[in-house]
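Here's the structure, in structure tokens; my notes come after.
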Amino acid sequence: MVMGFMDMPEHEAMDAKQAKARIDEVFAKYRMCKVMKFAVREARITTNYETRENGATNRVGDPTAAVAVYNTDRASECLAFCELIESIVHELEPDEQLLIRERYMKEARMTDTKVYNFRFDPPISAVTYGHIRKRAFAKLLNAFQYAFHSTKTS
């Protein structure tokens with residue numbers, strides 16, 4: 001089946017726990033990329049004194065260049081991922097944006113109760129918070145499925 005320009009990708013059936021787990025996974029990666037960046041590799045400057053059973057390998061390599069390319073690629077990959085997530089969240093409704101940014105993008109230890117009691121002005125009820133989160137999750141799942149599917153195929 002060929003998908004047209006305006007067709008939505010098929011949304012696989014999943015329950016609320018699976019949806020929350022998938023969204024938590026994406027935002028955990030976002031927070032890790034945003035805060036920790038990534039582990040920078042360092043080039044070795046000492047030779048490797050291992051026995052070579054069949055003599056020299058006759059391989060010529062540039063380990064410093066390989067490390068520099070790896071570091072640059074990982075940094076740009078993290079930056080692109082963060083920009084993609086931020087642009088997707090920016091397209092949500094203002095109340096959904098506030099919920100997602102405060103609950104999932106800023107801190108890992110933020111609770112739902114703290115968000116709907118202290119971050120929303122005026123505070124909202126837990127039921128209203130659940131409705132807003134449900135709408136936001138549905139939009140995010142569709143956007144993530146489309147964005148990550150299109151980046152894998154290109």
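Convention: chains lettered A, B, ... in structure tokens order; per-chain residue numbering from 1; ligands numbered from 1 as shown.
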Point to revise | Residue contacts of region 98-108 of chain A (10 Å, only C-alpha atoms) excluding same-chain residues fewer than 3 positions away, as an MDAnalysis selection string | key: chainID A and resid 23:24 26:32 34:35 85:86 89:90 92:95 111:116 119:120 129 132:133 136:137 140
Can you spit out the residues from that selection as a PDB file, in the first residue's frame, using C-alpha atoms?
```pdb
ATOM      1  CA  ILE A  23       7.052   8.626  25.695  1.00  0.00           C
ATOM      2  CA  ASP A  24       9.103   8.311  28.900  1.00  0.00           C
ATOM      3  CA  VAL A  26      11.968   9.354  24.293  1.00  0.00           C
ATOM      4  CA  PHE A  27      12.081  12.126  26.891  1.00  0.00           C
ATOM      5  CA  ALA A  28      14.691  10.264  28.968  1.00  0.00           C
ATOM      6  CA  LYS A  29      16.915  10.220  25.885  1.00  0.00           C
ATOM      7  CA  TYR A  30      16.111  13.923  25.339  1.00  0.00           C
ATOM      8  CA  ARG A  31      17.132  14.832  28.907  1.00  0.00           C
ATOM      9  CA  MET A  32      20.291  12.771  28.613  1.00  0.00           C
ATOM     10  CA  LYS A  34      20.335  17.917  26.670  1.00  0.00           C
ATOM     11  CA  VAL A  35      22.058  17.729  30.040  1.00  0.00           C
ATOM     12  CA  ILE A  85      11.764  16.880  20.060  1.00  0.00           C
ATOM     13  CA  GLU A  86      11.563  20.610  20.861  1.00  0.00           C
ATOM     14  CA  VAL A  89       6.492  19.887  21.499  1.00  0.00           C
ATOM     15  CA  HIS A  90       6.323  23.463  20.187  1.00  0.00           C
ATOM     16  CA  LEU A  92       1.233  21.332  20.801  1.00  0.00           C
ATOM     17  CA  GLU A  93      -1.455  23.479  22.425  1.00  0.00           C
ATOM     18  CA  PRO A  94      -0.157  25.868  25.146  1.00  0.00           C
ATOM     19  CA  ASP A  95      -1.527  23.823  28.064  1.00  0.00           C
ATOM     20  CA  THR A 111       5.713  14.250  39.629  1.00  0.00           C
ATOM     21  CA  ASP A 112       2.282  14.769  38.114  1.00  0.00           C
ATOM     22  CA  THR A 113       1.012  16.192  41.418  1.00  0.00           C
ATOM     23  CA  LYS A 114       3.697  18.885  41.470  1.00  0.00           C
ATOM     24  CA  VAL A 115       2.878  19.866  37.903  1.00  0.00           C
ATOM     25  CA  TYR A 116      -0.882  20.253  38.230  1.00  0.00           C
ATOM     26  CA  ARG A 119       3.220  24.656  37.711  1.00  0.00           C
ATOM     27  CA  PHE A 120      -0.216  25.470  36.303  1.00  0.00           C
ATOM     28  CA  TYR A 129      -4.549  17.134  34.029  1.00  0.00           C
ATOM     29  CA  ILE A 132      -4.626  17.288  28.861  1.00  0.00           C
ATOM     30  CA  ARG A 133      -1.957  14.586  29.170  1.00  0.00           C
ATOM     31  CA  ALA A 136      -0.776  15.494  24.399  1.00  0.00           C
ATOM     32  CA  PHE A 137       0.281  11.829  24.414  1.00  0.00           C
ATOM     33  CA  LEU A 140       3.140  13.085  20.535  1.00  0.00           C
TER      34      LEU A 140
END
```
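In this model, the gap between CA of Asp62 (chain A) and CA of Arg74 (chain A) comes to 18.5 Å.
One finds CA of Phe81 (chain A) at 23.4 Å from CA of Lys134 (chain A).
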